[in-house]
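Notes for the one structure printed next.
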Amino acid sequence: MPKLPRLTATEAEKLLLEAGFILARTKGSHKIYIKDNIRVVIPFHAGKILHPKIVKQVLKAISESNE
């Protein structure tokens, strides 16, 4: 399996918005994006790289929304 890309929260947000997700709400430093029945939560912490599990969740949500 290929390595996952290292993404910051801003880069992940850009990918989600390009895939048609919309910002549903914000709670603290977390932003929640929704498209159809798919929900993705991104933690925004200045300049930090996202955990690989979150990157995997983002990429999976984008691929599911394109089906």
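Ordering of the structure tokens sets the chain letters (A, B, ...), residue numbers begin anew at 1 in every chain, and ligands are numbered from 1 in the order given.
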Item to complete: Go through chain A and collect every residue that DSSP, computed from the backbone, puts in helix (DSSP H, G or I); the answer should be as a count of residues only.
Response: 24
Need to verify the contact set: region 3-16 of chain A, 8 Å, only C-alpha atoms, exclusion of same-chain residues closer than 5 positions in sequence. Can you return it as a tab-separated table (two decimals) with all heavy atoms, in the first residue's frame?
```tsv
chain	number	residue	atom	x	y	z
A	21	PHE	N	-17.68	19.27	-0.85
A	21	PHE	CA	-18.12	19.29	0.54
A	21	PHE	C	-18.37	20.74	0.95
A	21	PHE	O	-17.76	21.65	0.42
A	21	PHE	CB	-17.04	18.67	1.45
A	21	PHE	CG	-17.01	17.17	1.42
A	21	PHE	CD1	-16.40	16.49	0.39
A	21	PHE	CD2	-17.60	16.43	2.43
A	21	PHE	CE1	-16.35	15.12	0.34
A	21	PHE	CE2	-17.56	15.04	2.41
A	21	PHE	CZ	-16.94	14.39	1.36
A	22	ILE	N	-19.28	20.92	1.90
A	22	ILE	CA	-19.55	22.26	2.42
A	22	ILE	C	-19.28	22.28	3.92
A	22	ILE	O	-19.44	21.26	4.60
A	22	ILE	CB	-20.99	22.72	2.13
A	22	ILE	CG1	-22.01	21.74	2.73
A	22	ILE	CG2	-21.23	22.88	0.65
A	22	ILE	CD1	-23.42	22.27	2.74
A	33	TYR	N	-17.35	19.10	7.83
A	33	TYR	CA	-17.76	19.22	6.43
A	33	TYR	C	-18.72	18.11	6.09
A	33	TYR	O	-18.57	16.98	6.56
A	33	TYR	CB	-16.54	19.14	5.51
A	33	TYR	CG	-15.58	20.27	5.74
A	33	TYR	CD1	-14.56	20.17	6.66
A	33	TYR	CD2	-15.72	21.46	5.05
A	33	TYR	CE1	-13.70	21.22	6.90
A	33	TYR	CE2	-14.86	22.53	5.27
A	33	TYR	CZ	-13.86	22.40	6.20
A	33	TYR	OH	-13.01	23.44	6.44
A	42	ILE	N	-12.32	17.89	10.67
A	42	ILE	CA	-10.91	18.24	10.54
A	42	ILE	C	-10.50	19.11	11.74
A	42	ILE	O	-11.09	20.17	11.95
A	42	ILE	CB	-10.65	19.05	9.25
A	42	ILE	CG1	-11.18	18.34	8.03
A	42	ILE	CG2	-9.17	19.38	9.13
A	42	ILE	CD1	-10.25	17.39	7.40
A	43	PRO	N	-9.49	18.69	12.50
A	43	PRO	CA	-8.98	19.54	13.58
A	43	PRO	C	-8.00	20.57	13.02
A	43	PRO	O	-7.10	20.20	12.27
A	43	PRO	CB	-8.28	18.55	14.51
A	43	PRO	CG	-7.88	17.43	13.63
A	43	PRO	CD	-8.90	17.36	12.53
A	44	PHE	N	-8.21	21.83	13.33
A	44	PHE	CA	-7.33	22.90	12.85
A	44	PHE	C	-6.41	23.34	13.98
A	44	PHE	O	-6.85	23.96	14.94
A	44	PHE	CB	-8.16	24.09	12.35
A	44	PHE	CG	-8.58	23.95	10.92
A	44	PHE	CD1	-9.61	23.10	10.58
A	44	PHE	CD2	-7.93	24.66	9.92
A	44	PHE	CE1	-10.00	22.95	9.26
A	44	PHE	CE2	-8.31	24.51	8.60
A	44	PHE	CZ	-9.34	23.66	8.27
A	45	HIS	N	-5.13	22.99	13.84
A	45	HIS	CA	-4.11	23.41	14.80
A	45	HIS	C	-2.96	23.98	13.99
A	45	HIS	O	-2.44	23.31	13.10
A	45	HIS	CB	-3.65	22.25	15.68
A	45	HIS	CG	-4.76	21.64	16.47
A	45	HIS	ND1	-5.32	22.26	17.57
A	45	HIS	CD2	-5.45	20.49	16.33
A	45	HIS	CE1	-6.29	21.51	18.05
A	45	HIS	NE2	-6.40	20.42	17.32
A	47	GLY	N	-0.31	24.99	11.69
A	47	GLY	CA	0.90	24.41	11.10
A	47	GLY	C	1.16	22.95	11.38
A	47	GLY	O	2.20	22.43	10.99
A	48	LYS	N	0.27	22.26	12.05
A	48	LYS	CA	0.49	20.85	12.39
A	48	LYS	C	0.09	19.96	11.23
A	48	LYS	O	-0.84	20.24	10.49
A	48	LYS	CB	-0.33	20.45	13.62
A	48	LYS	CG	-0.03	21.23	14.86
A	48	LYS	CD	1.20	20.70	15.55
A	48	LYS	CE	1.40	21.45	16.86
A	48	LYS	NZ	2.45	20.90	17.65
A	49	ILE	N	0.80	18.85	11.09
A	49	ILE	CA	0.46	17.83	10.11
A	49	ILE	C	-0.63	16.96	10.70
A	49	ILE	O	-0.57	16.57	11.88
A	49	ILE	CB	1.71	16.96	9.78
A	49	ILE	CG1	2.84	17.83	9.22
A	49	ILE	CG2	1.36	15.84	8.82
A	49	ILE	CD1	2.56	18.48	7.90
A	50	LEU	N	-1.64	16.63	9.89
A	50	LEU	CA	-2.74	15.80	10.37
A	50	LEU	C	-2.28	14.37	10.63
A	50	LEU	O	-1.39	13.86	9.94
A	50	LEU	CB	-3.88	15.78	9.35
A	50	LEU	CG	-4.62	17.10	9.13
A	50	LEU	CD1	-5.63	16.93	8.00
A	50	LEU	CD2	-5.32	17.54	10.39
A	52	PRO	N	-2.25	10.42	10.38
A	52	PRO	CA	-2.56	9.58	9.22
A	52	PRO	C	-3.98	9.03	9.19
A	52	PRO	O	-4.56	8.88	8.12
A	52	PRO	CB	-1.54	8.44	9.33
A	52	PRO	CG	-0.40	9.04	10.07
A	52	PRO	CD	-1.01	10.03	11.02
A	55	VAL	N	-6.08	11.76	7.67
A	55	VAL	CA	-5.81	11.87	6.23
A	55	VAL	C	-6.54	10.75	5.49
A	55	VAL	O	-7.16	10.97	4.45
A	55	VAL	CB	-4.29	11.82	5.96
A	55	VAL	CG1	-4.01	11.76	4.46
A	55	VAL	CG2	-3.59	13.01	6.58
A	56	LYS	N	-6.49	9.55	6.05
A	56	LYS	CA	-7.18	8.40	5.44
A	56	LYS	C	-8.68	8.63	5.39
A	56	LYS	O	-9.34	8.33	4.40
A	56	LYS	CB	-6.85	7.14	6.24
A	56	LYS	CG	-7.28	5.86	5.58
A	56	LYS	CD	-6.75	4.66	6.36
A	56	LYS	CE	-7.11	3.38	5.67
A	56	LYS	NZ	-6.58	2.21	6.38
A	58	VAL	N	-10.22	11.53	5.25
A	58	VAL	CA	-10.50	12.56	4.24
A	58	VAL	C	-10.47	11.96	2.85
A	58	VAL	O	-11.39	12.17	2.04
A	58	VAL	CB	-9.48	13.73	4.35
A	58	VAL	CG1	-9.56	14.64	3.15
A	58	VAL	CG2	-9.70	14.50	5.63
A	62	ILE	N	-13.66	11.54	0.16
A	62	ILE	CA	-13.63	12.12	-1.18
A	62	ILE	C	-13.90	11.05	-2.23
A	62	ILE	O	-14.68	11.26	-3.14
A	62	ILE	CB	-12.28	12.82	-1.43
A	62	ILE	CG1	-12.19	14.08	-0.59
A	62	ILE	CG2	-12.12	13.16	-2.92
A	62	ILE	CD1	-10.83	14.74	-0.59
```
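Atom pair CA of Ala19 (chain A) / CA of Ser65 (chain A) has a distance of 7.7 Å (rounded to one decimal).
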Please run DSSP on the backbone and report, as a tab-separated table (two decimals) with N, CA, C and O atoms, in the first residue's frame, all residues within chain A that come out as strand (DSSP E).
```tsv
chain	number	residue	atom	x	y	z
A	22	ILE	N	-19.28	20.92	1.90
A	22	ILE	CA	-19.55	22.26	2.42
A	22	ILE	C	-19.28	22.28	3.92
A	22	ILE	O	-19.44	21.26	4.60
A	23	LEU	N	-18.88	23.44	4.41
A	23	LEU	CA	-18.64	23.60	5.84
A	23	LEU	C	-19.99	23.66	6.54
A	23	LEU	O	-20.79	24.57	6.32
A	24	ALA	N	-20.27	22.66	7.38
A	24	ALA	CA	-21.55	22.59	8.07
A	24	ALA	C	-21.52	23.43	9.34
A	24	ALA	O	-22.45	24.20	9.61
A	25	ARG	N	-20.46	23.28	10.12
A	25	ARG	CA	-20.36	24.03	11.37
A	25	ARG	C	-18.94	23.96	11.90
A	25	ARG	O	-18.12	23.19	11.41
A	26	THR	N	-18.68	24.75	12.92
A	26	THR	CA	-17.38	24.77	13.58
A	26	THR	C	-17.61	24.65	15.08
A	26	THR	O	-18.55	25.24	15.62
A	27	LYS	N	-16.77	23.86	15.72
A	27	LYS	CA	-16.85	23.75	17.18
A	27	LYS	C	-15.42	23.79	17.71
A	27	LYS	O	-14.66	22.84	17.53
A	30	HIS	N	-12.27	22.57	15.58
A	30	HIS	CA	-12.67	21.52	14.64
A	30	HIS	C	-13.72	22.04	13.66
A	30	HIS	O	-14.66	22.71	14.07
A	31	LYS	N	-13.53	21.72	12.38
A	31	LYS	CA	-14.50	22.09	11.36
A	31	LYS	C	-15.13	20.82	10.81
A	31	LYS	O	-14.44	19.85	10.55
A	32	ILE	N	-16.45	20.86	10.62
A	32	ILE	CA	-17.20	19.69	10.16
A	32	ILE	C	-17.71	19.98	8.76
A	32	ILE	O	-18.39	20.98	8.54
A	33	TYR	N	-17.35	19.10	7.83
A	33	TYR	CA	-17.76	19.22	6.43
A	33	TYR	C	-18.72	18.11	6.09
A	33	TYR	O	-18.57	16.98	6.56
A	34	ILE	N	-19.73	18.42	5.25
A	34	ILE	CA	-20.76	17.45	4.89
A	34	ILE	C	-21.01	17.48	3.40
A	34	ILE	O	-21.03	18.55	2.78
A	35	LYS	N	-21.23	16.29	2.84
A	35	LYS	CA	-21.71	16.14	1.46
A	35	LYS	C	-22.55	14.88	1.45
A	35	LYS	O	-22.07	13.81	1.81
A	38	ILE	N	-22.13	11.97	4.05
A	38	ILE	CA	-20.75	11.77	4.47
A	38	ILE	C	-20.32	12.98	5.30
A	38	ILE	O	-20.45	14.12	4.87
A	39	ARG	N	-19.79	12.72	6.50
A	39	ARG	CA	-19.35	13.79	7.40
A	39	ARG	C	-17.87	13.61	7.69
A	39	ARG	O	-17.41	12.50	7.96
A	40	VAL	N	-17.12	14.70	7.60
A	40	VAL	CA	-15.68	14.67	7.88
A	40	VAL	C	-15.36	15.78	8.88
A	40	VAL	O	-15.77	16.91	8.70
A	41	VAL	N	-14.62	15.42	9.93
A	41	VAL	CA	-14.22	16.39	10.95
A	41	VAL	C	-12.72	16.62	10.82
A	41	VAL	O	-11.94	15.67	10.83
A	42	ILE	N	-12.32	17.89	10.67
A	42	ILE	CA	-10.91	18.24	10.54
A	42	ILE	C	-10.50	19.11	11.74
A	42	ILE	O	-11.09	20.17	11.95
A	43	PRO	N	-9.49	18.69	12.50
A	43	PRO	CA	-8.98	19.54	13.58
A	43	PRO	C	-8.00	20.57	13.02
A	43	PRO	O	-7.10	20.20	12.27
```
